[in-house]
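Dropping data_34.tsv in here (TSV, C-alpha atoms):
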chain	number	residue	atom	x	y	z
A	1	MET	CA	105.70	14.19	132.77
A	2	LEU	CA	106.21	17.96	132.65
A	3	ARG	CA	104.64	18.42	136.07
A	4	ALA	CA	106.67	15.54	137.50
A	5	ALA	CA	109.82	17.31	136.28
A	6	GLY	CA	108.78	20.50	138.06
A	7	VAL	CA	107.83	22.48	134.95
A	8	GLY	CA	105.29	25.17	135.78
A	9	VAL	CA	104.52	28.88	136.05
A	10	GLY	CA	107.30	31.08	134.70
A	11	ASP	CA	108.79	28.34	132.52
A	12	GLU	CA	108.80	28.04	128.76
A	13	VAL	CA	108.53	24.80	126.80
A	14	VAL	CA	109.51	24.58	123.12
A	15	VAL	CA	106.97	22.65	121.02
A	16	PRO	CA	106.06	22.28	117.33
A	17	ALA	CA	103.25	24.36	115.83
A	18	PHE	CA	102.70	21.88	112.99
A	19	GLY	CA	100.13	19.43	114.30
A	20	ASN	CA	97.28	19.42	116.73
A	21	ALA	CA	97.12	21.61	119.79
A	22	GLU	CA	97.30	18.83	122.38
A	23	VAL	CA	100.97	19.31	123.22
A	24	ALA	CA	100.65	23.09	123.59
A	25	GLU	CA	97.53	22.56	125.72
A	26	ALA	CA	99.41	20.15	127.98
A	27	VAL	CA	102.15	22.74	128.46
A	28	ALA	CA	99.60	25.43	129.27
A	29	LEU	CA	97.92	23.17	131.84
A	30	THR	CA	101.15	23.13	133.85
A	31	GLY	CA	101.15	26.92	133.89
A	32	ALA	CA	104.14	27.12	131.55
A	33	LEU	CA	104.23	28.98	128.24
A	34	PRO	CA	104.42	27.01	124.96
A	35	VAL	CA	107.02	28.48	122.60
A	36	PHE	CA	106.80	27.37	118.97
A	37	ALA	CA	109.75	26.26	116.84
A	38	ASP	CA	109.82	25.46	113.14
A	39	ILE	CA	109.91	22.01	111.54
A	40	ASP	CA	112.26	20.15	109.23
A	41	PRO	CA	110.53	20.15	105.81
A	42	GLU	CA	111.28	16.47	105.16
A	43	SER	CA	110.31	14.88	108.49
A	44	TYR	CA	107.70	17.47	109.62
A	45	CYS	CA	109.23	17.15	113.10
A	46	LEU	CA	111.02	19.82	115.13
A	47	ASP	CA	114.05	21.38	113.47
A	48	THR	CA	117.01	21.34	115.85
A	49	ALA	CA	118.39	24.72	114.77
A	50	SER	CA	114.98	26.35	115.15
A	51	VAL	CA	114.62	24.85	118.63
A	52	GLU	CA	118.00	26.21	119.68
A	53	ALA	CA	117.08	29.65	118.31
A	54	ALA	CA	113.87	29.65	120.37
A	55	LEU	CA	115.61	29.05	123.71
A	56	THR	CA	115.59	31.73	126.40
A	57	PRO	CA	116.76	31.77	130.03
A	58	ARG	CA	113.23	30.65	130.96
A	59	THR	CA	113.21	27.55	128.74
A	60	ALA	CA	112.76	24.43	130.87
A	61	ALA	CA	111.93	21.73	128.33
A	62	VAL	CA	111.49	20.69	124.71
A	63	VAL	CA	108.71	18.36	123.54
A	64	ALA	CA	109.32	16.62	120.21
A	65	VAL	CA	106.44	14.98	118.34
A	66	HIS	CA	106.94	12.12	115.88
A	67	ARG	CA	104.87	12.93	112.80
A	68	PHE	CA	103.18	10.79	110.12
A	69	GLY	CA	105.38	7.78	110.95
A	70	ARG	CA	108.66	9.68	110.72
A	71	PRO	CA	110.64	9.88	113.99
A	72	ALA	CA	111.91	13.21	115.25
A	73	ALA	CA	115.68	13.74	115.36
A	74	MET	CA	115.95	12.82	119.02
A	75	GLY	CA	119.75	12.54	119.05
A	76	PRO	CA	120.40	16.17	118.05
A	77	LEU	CA	117.50	17.38	120.19
A	78	ARG	CA	118.85	15.57	123.25
A	79	GLY	CA	122.20	17.18	122.44
A	80	VAL	CA	120.51	20.58	122.69
A	81	GLY	CA	119.01	19.51	126.01
A	82	GLN	CA	122.38	18.43	127.37
A	83	ARG	CA	124.11	21.64	126.30
A	84	HIS	CA	121.47	23.84	127.89
A	85	GLY	CA	120.36	21.71	130.83
A	86	LEU	CA	116.83	21.12	129.47
A	87	LEU	CA	114.35	18.29	129.77
A	88	VAL	CA	113.67	16.72	126.35
A	89	LEU	CA	110.48	14.70	125.98
A	90	GLU	CA	109.00	12.92	122.99
A	91	ARG	CA	105.43	12.19	122.04
A	92	GLY	CA	104.95	9.15	119.85
A	93	GLU	CA	102.16	7.99	117.60
A	94	SER	CA	99.93	4.96	117.89
A	95	GLU	CA	101.90	1.84	117.08
A	96	THR	CA	100.95	-0.61	114.37
A	97	SER	CA	101.86	-4.25	114.03
A	98	TYR	CA	104.87	-5.40	112.05
A	99	ASP	CA	102.64	-6.83	109.31
A	100	GLU	CA	100.56	-3.66	109.02
A	101	THR	CA	103.67	-1.49	108.86
A	102	ALA	CA	105.12	-3.73	106.16
A	103	GLN	CA	101.92	-3.43	104.12
A	104	ARG	CA	101.85	0.35	104.51
A	105	ARG	CA	105.46	0.54	103.33
A	106	GLN	CA	104.60	-1.65	100.36
A	107	ARG	CA	101.75	0.64	99.35
A	108	ALA	CA	103.91	3.70	99.90
A	109	ALA	CA	106.59	2.25	97.62
A	110	TYR	CA	103.92	1.63	94.98
A	111	LEU	CA	102.86	5.28	95.13
A	112	ASP	CA	106.47	6.52	95.20
A	113	GLY	CA	107.18	4.85	91.91
A	114	ARG	CA	104.04	5.97	90.07
A	115	LEU	CA	102.80	9.35	91.29
A	116	ARG	CA	103.50	12.34	89.05
A	117	GLY	CA	102.94	16.02	89.68
A	118	VAL	CA	103.18	15.79	93.47
A	119	ARG	CA	106.22	15.58	95.72
A	120	THR	CA	106.27	12.20	97.43
A	121	PRO	CA	107.56	11.81	101.02
A	122	ASP	CA	111.16	11.08	101.84
A	123	TRP	CA	111.57	7.52	103.10
A	124	GLY	CA	113.94	8.61	105.85
A	125	ASP	CA	114.94	6.40	108.77
A	126	GLY	CA	112.29	4.12	110.16
A	127	HIS	CA	109.31	5.63	108.32
A	128	THR	CA	106.19	3.60	109.18
A	129	TYR	CA	103.77	5.65	107.02
A	130	GLN	CA	101.12	6.31	109.62
A	131	GLN	CA	100.14	8.79	106.94
A	132	TYR	CA	101.40	9.10	103.36
A	133	VAL	CA	101.85	12.85	103.01
A	134	VAL	CA	102.64	14.47	99.67
A	135	ARG	CA	103.25	18.08	98.71
A	136	VAL	CA	101.04	19.62	96.04
A	137	PRO	CA	103.00	22.13	93.93
A	138	GLY	CA	101.58	25.43	92.81
A	139	ASN	CA	100.40	28.42	94.78
A	140	GLY	CA	100.02	26.90	98.22
A	141	ARG	CA	96.69	26.35	99.92
A	142	PRO	CA	94.34	27.30	97.03
A	143	ASP	CA	95.94	24.81	94.66
A	144	ARG	CA	96.27	22.13	97.35
A	145	ASP	CA	92.61	22.48	98.30
A	146	ALA	CA	91.52	22.40	94.64
A	147	PHE	CA	93.66	19.30	94.09
A	148	ALA	CA	92.09	17.61	97.13
A	149	ARG	CA	88.55	18.37	95.93
A	150	ALA	CA	89.32	16.98	92.48
A	151	VAL	CA	90.88	13.80	93.87
A	152	ARG	CA	87.87	13.23	96.11
A	153	GLY	CA	85.65	13.79	93.08
A	154	ARG	CA	87.41	10.84	91.48
A	155	GLY	CA	86.52	8.59	94.40
A	156	VAL	CA	89.78	8.77	96.38
A	157	GLU	CA	89.69	9.70	100.05
A	158	CYS	CA	92.34	12.18	101.09
A	159	ARG	CA	92.74	14.64	103.92
A	160	VAL	CA	94.61	17.79	104.84
A	161	PRO	CA	96.74	16.63	107.78
A	162	VAL	CA	97.13	20.03	109.46
A	163	GLN	CA	94.46	22.62	108.73
A	164	THR	CA	95.84	25.40	110.95
A	165	PRO	CA	99.23	25.59	112.67
A	166	VAL	CA	98.89	25.93	116.42
A	167	HIS	CA	100.55	29.37	116.50
A	168	ARG	CA	97.63	30.64	114.37
A	169	MET	CA	94.92	29.23	116.65
A	170	PRO	CA	92.98	31.38	119.14
A	171	GLY	CA	94.55	31.07	122.56
A	172	PHE	CA	98.00	30.23	121.19
A	173	ARG	CA	98.39	32.97	118.59
A	174	ARG	CA	101.99	34.15	118.34
A	175	CYS	CA	103.80	36.63	116.11
A	176	VAL	CA	106.61	34.28	115.16
A	177	SER	CA	108.25	33.34	111.86
A	178	LEU	CA	107.81	29.63	111.10
A	179	PRO	CA	108.15	29.47	107.30
A	180	GLU	CA	108.45	25.68	106.96
A	181	THR	CA	105.45	25.14	109.23
A	182	GLU	CA	103.37	27.59	107.20
A	183	ARG	CA	104.47	26.08	103.90
A	184	ALA	CA	103.72	22.54	105.05
A	185	ALA	CA	100.26	23.52	106.28
A	186	ASP	CA	99.51	25.05	102.87
A	187	GLU	CA	100.91	22.28	100.65
A	188	THR	CA	100.50	18.89	102.35
A	189	LEU	CA	97.89	16.27	101.57
A	190	ALA	CA	97.57	12.78	103.05
A	191	LEU	CA	96.77	10.00	100.59
A	192	PRO	CA	95.52	6.54	101.66
A	193	VAL	CA	98.02	3.72	102.30
A	194	ASP	CA	95.94	1.64	104.70
A	195	ALA	CA	96.74	-2.05	104.84
A	196	SER	CA	93.16	-2.82	103.76
A	197	LEU	CA	93.59	-1.16	100.35
A	198	THR	CA	93.63	-3.46	97.33
A	199	ARG	CA	95.81	-3.16	94.24
A	200	ARG	CA	92.84	-1.68	92.40
A	201	ASP	CA	92.41	0.90	95.15
A	202	MET	CA	96.05	1.93	94.79
A	203	GLN	CA	95.70	2.16	91.02
A	204	ARG	CA	92.72	4.46	91.52
A	205	VAL	CA	94.80	6.74	93.76
A	206	VAL	CA	97.56	6.96	91.16
A	207	SER	CA	95.13	7.53	88.28
A	208	ALA	CA	93.24	10.27	90.14
A	209	CYS	CA	96.39	12.15	91.17
A	210	ASN	CA	98.26	11.80	87.89
A	211	ALA	CA	95.26	13.08	85.94
A	212	LEU	CA	95.64	16.36	87.87
A	213	GLY	CA	99.31	16.66	88.66
A	214	GLY	CA	100.34	18.05	85.29
A	215	LEU	CA	97.83	20.89	85.63
A	216	LEU	CA	99.53	22.41	88.64
A	217	GLN	CA	102.87	24.01	87.91
A	218	PRO	CA	105.23	25.35	90.59
A	219	ALA	CA	104.89	29.08	91.23
A	220	TYR	CA	107.83	31.27	90.25
Is it possible to give me this structure as structure tokens?
Amino acid sequence: MLRAAGVGVGDEVVVPAFGNAEVAEAVALTGALPVFADIDPESYCLDTASVEAALTPRTAAVVAVHRFGRPAAMGPLRGVGQRHGLLVLERGESETSYDETAQRRQRAAYLDGRLRGVRTPDWGDGHTYQQYVVRVPGNGRPDRDAFARAVRGRGVECRVPVQTPVHRMPGFRRCVSLPETERAADETLALPVDASLTRRDMQRVVSACNALGGLLQPAY
């Protein structure tokens, strides 16, 4: 889509650094330069103000990525595109059936009402819970990683959704301030909400997390 729009050598394309490197790699394949903008801390998608601040005379496009089942703020981002004459593209996630989405939302609501000691995700508009991503309070990555190990030790599968922001990866390393991206990479943890999980499975998730949550206090 970028090539079809004439994006190439000498152009810049604004993309998120929170996520995998596929979007930045696609930009680089056209010969353009990926420029990283920060994310909104609730949706984990591109922050409109950060995108606007990253624009230069060479900016040709913006690529928004929907994250964890939360849609990016496409209206405001398209507004940026219209004001500056930019192409605005979006990259979606794999779709799930209506029934599966309903079951994921049901499990997410169960966790929302019972988890203690972690910050649960904001429902937001149209959240489909492709991943149920919480924030672990404390001192960032060390506490989050310790929390994840302890939860796994109690028989609950969990995963760190973004190990390294793209702007810290070899080949895309940039000296740029993206505080919300960095914070999210250090604090987030994805807990299971798959449609296949039973009520007992969900109780195990809550029990494992709540047994640990009170041990981790916010840093001051």
Test item: residues at most 7 Å from A:Val162, all atoms listed in the file, excluding those fewer than 5 positions along its chain, as a list in words: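 My list of contacting residues is Phe18, Gly19 and Ala185 of chain A.
Among the candidates A:Glu25, A:Glu52, A:Glu100, A:Asp40, the one nearest to A:Gln82 when counting all atoms listed in the file is A:Glu52.
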Protein/DNA/RNA residues near (91.9, 22.3, 99.2), cut 10 Å, all atoms listed in the file, as a PyMOL selection string: chain A and resi 140-150+159-160+163+186-189
Long-range neighbours of A:Leu33 as number ranges by chain, 7 Å cut-off, all atoms listed in the file, 6 positions minimum in chain: A: 11-13, 27
Listing only residues of stretch 124-169 of chain A within 8 Å of stretch 65-77 of chain A, what is the closest atom pair and its distance in Å (to one decimal) for each, using all atoms listed in the file, sorted by chain and residue number ascending, as CSV?
residue,atom,partner,partner_atom,distance
A:Gly124,CA,A:Arg70,CA,7.3
A:Asp125,CA,A:Arg70,CA,7.3
A:Gly126,CA,A:Arg70,CA,6.7
A:His127,CA,A:Arg70,CA,4.8
A:Thr128,CA,A:Gly69,CA,4.6
A:Tyr129,CA,A:Gly69,CA,4.8
A:Gln130,CA,A:Gly69,CA,4.7
A:Gln131,CA,A:Phe68,CA,4.8
A:Tyr132,CA,A:Phe68,CA,7.2
A:Val133,CA,A:Phe68,CA,7.5
Those selected residues, please, written with C-alpha atoms and delivered as a short mmCIF file (atom, residue, chain, number, x, y, z; two decimals), in the frame of the given file.
data_model
loop_
_atom_site.label_atom_id
_atom_site.label_comp_id
_atom_site.auth_asym_id
_atom_site.auth_seq_id
_atom_site.Cartn_x
_atom_site.Cartn_y
_atom_site.Cartn_z
CA GLY A 124 113.94 8.61 105.85
CA ASP A 125 114.94 6.40 108.77
CA GLY A 126 112.29 4.12 110.16
CA HIS A 127 109.31 5.63 108.32
CA THR A 128 106.19 3.60 109.18
CA TYR A 129 103.77 5.65 107.02
CA GLN A 130 101.12 6.31 109.62
CA GLN A 131 100.14 8.79 106.94
CA TYR A 132 101.40 9.10 103.36
CA VAL A 133 101.85 12.85 103.01
#
Which of A:Val205, A:Met169, A:Val134, A:Val193 sits closest to A:Val151 [using all atoms listed in the file]: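 Residue with the minimum atom-to-atom distance to A:Val151: A:Val205.
Closest to A:Tyr44 among A:Val176, A:Ala60, A:Val206, A:Ala17 is A:Ala17, based on only C-alpha atoms.
We find atom CA of A:Asn139 and atom CA of A:Pro170 to be spaced 25.6 Å apart.
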Selected residue of minimal separation from A:Val15 among A:Cys158, A:Val62, A:Ala211, A:Ala109, counting only C-alpha atoms: A:Val62
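Taking atom CA of A:Val35 as the reference point, atom CA of A:Ala21 is found at 12.4 Å.
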Point-to-point distance from atom CA of A:Leu29 to atom CA of A:Thr56, Å rounded to tenths: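 It comes out at 20.4 Å.
With all atoms listed in the file as the basis for measurement, A:Arg114 is the residue among A:Arg183, A:Arg168, A:Arg135, A:Arg114 that approaches A:Ala208 most closely.
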Using all atoms listed in the file: which of A:Gly6, A:Pro16, A:Pro161, A:Pro192 has the shortest distance to A:Leu111: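 Closest to A:Leu111 of all the choices is A:Pro192.
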Test item: residues at most 9 Å from A:Asn20, all atoms listed in the file, excluding those fewer than 5 positions along its chain, as an MDAnalysis selection string: chainID A and resid 162 164:166
Counting only C-alpha atoms, which residues of stretch 132-163 of chain A sit at most 12 Å from some atom of stretch 197-201 of chain A, and what is each one's closest atom pair with its distance in Å to one decimal, listed by chain and rising residue number, as JSON lines?
{"residue": "A:Arg154", "atom": "CA", "partner": "A:Asp201", "partner_atom": "CA", "distance": 11.7}
{"residue": "A:Gly155", "atom": "CA", "partner": "A:Asp201", "partner_atom": "CA", "distance": 9.7}
{"residue": "A:Val156", "atom": "CA", "partner": "A:Asp201", "partner_atom": "CA", "distance": 8.4}
{"residue": "A:Glu157", "atom": "CA", "partner": "A:Asp201", "partner_atom": "CA", "distance": 10.4}
With C-alpha atoms retained, export the selected residues as a PDB file, keeping the file's coordinate frame.
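Just written: part_22.pdb:
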ATOM      1  CA  ARG A 154      87.410  10.840  91.480  1.00  0.00           C
ATOM      2  CA  GLY A 155      86.520   8.590  94.400  1.00  0.00           C
ATOM      3  CA  VAL A 156      89.780   8.770  96.380  1.00  0.00           C
ATOM      4  CA  GLU A 157      89.690   9.700 100.050  1.00  0.00           C
TER       5      GLU A 157
END
Spatial sel., origin (113.1, 25.4, 121.5), limit 6 Å, only C-alpha atoms, listed as a PyMOL selection string: chain A and resi 14+37+51-52+54-55+62
Residues within 7 Å of A:Val118, all atoms listed in the file, excluding chain neighbours under 2 positions, as a list in words: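 So the residues in contact are Leu115, Arg116, Thr120, Val134, Arg135, Val136, Pro137 and Gly213 of chain A.
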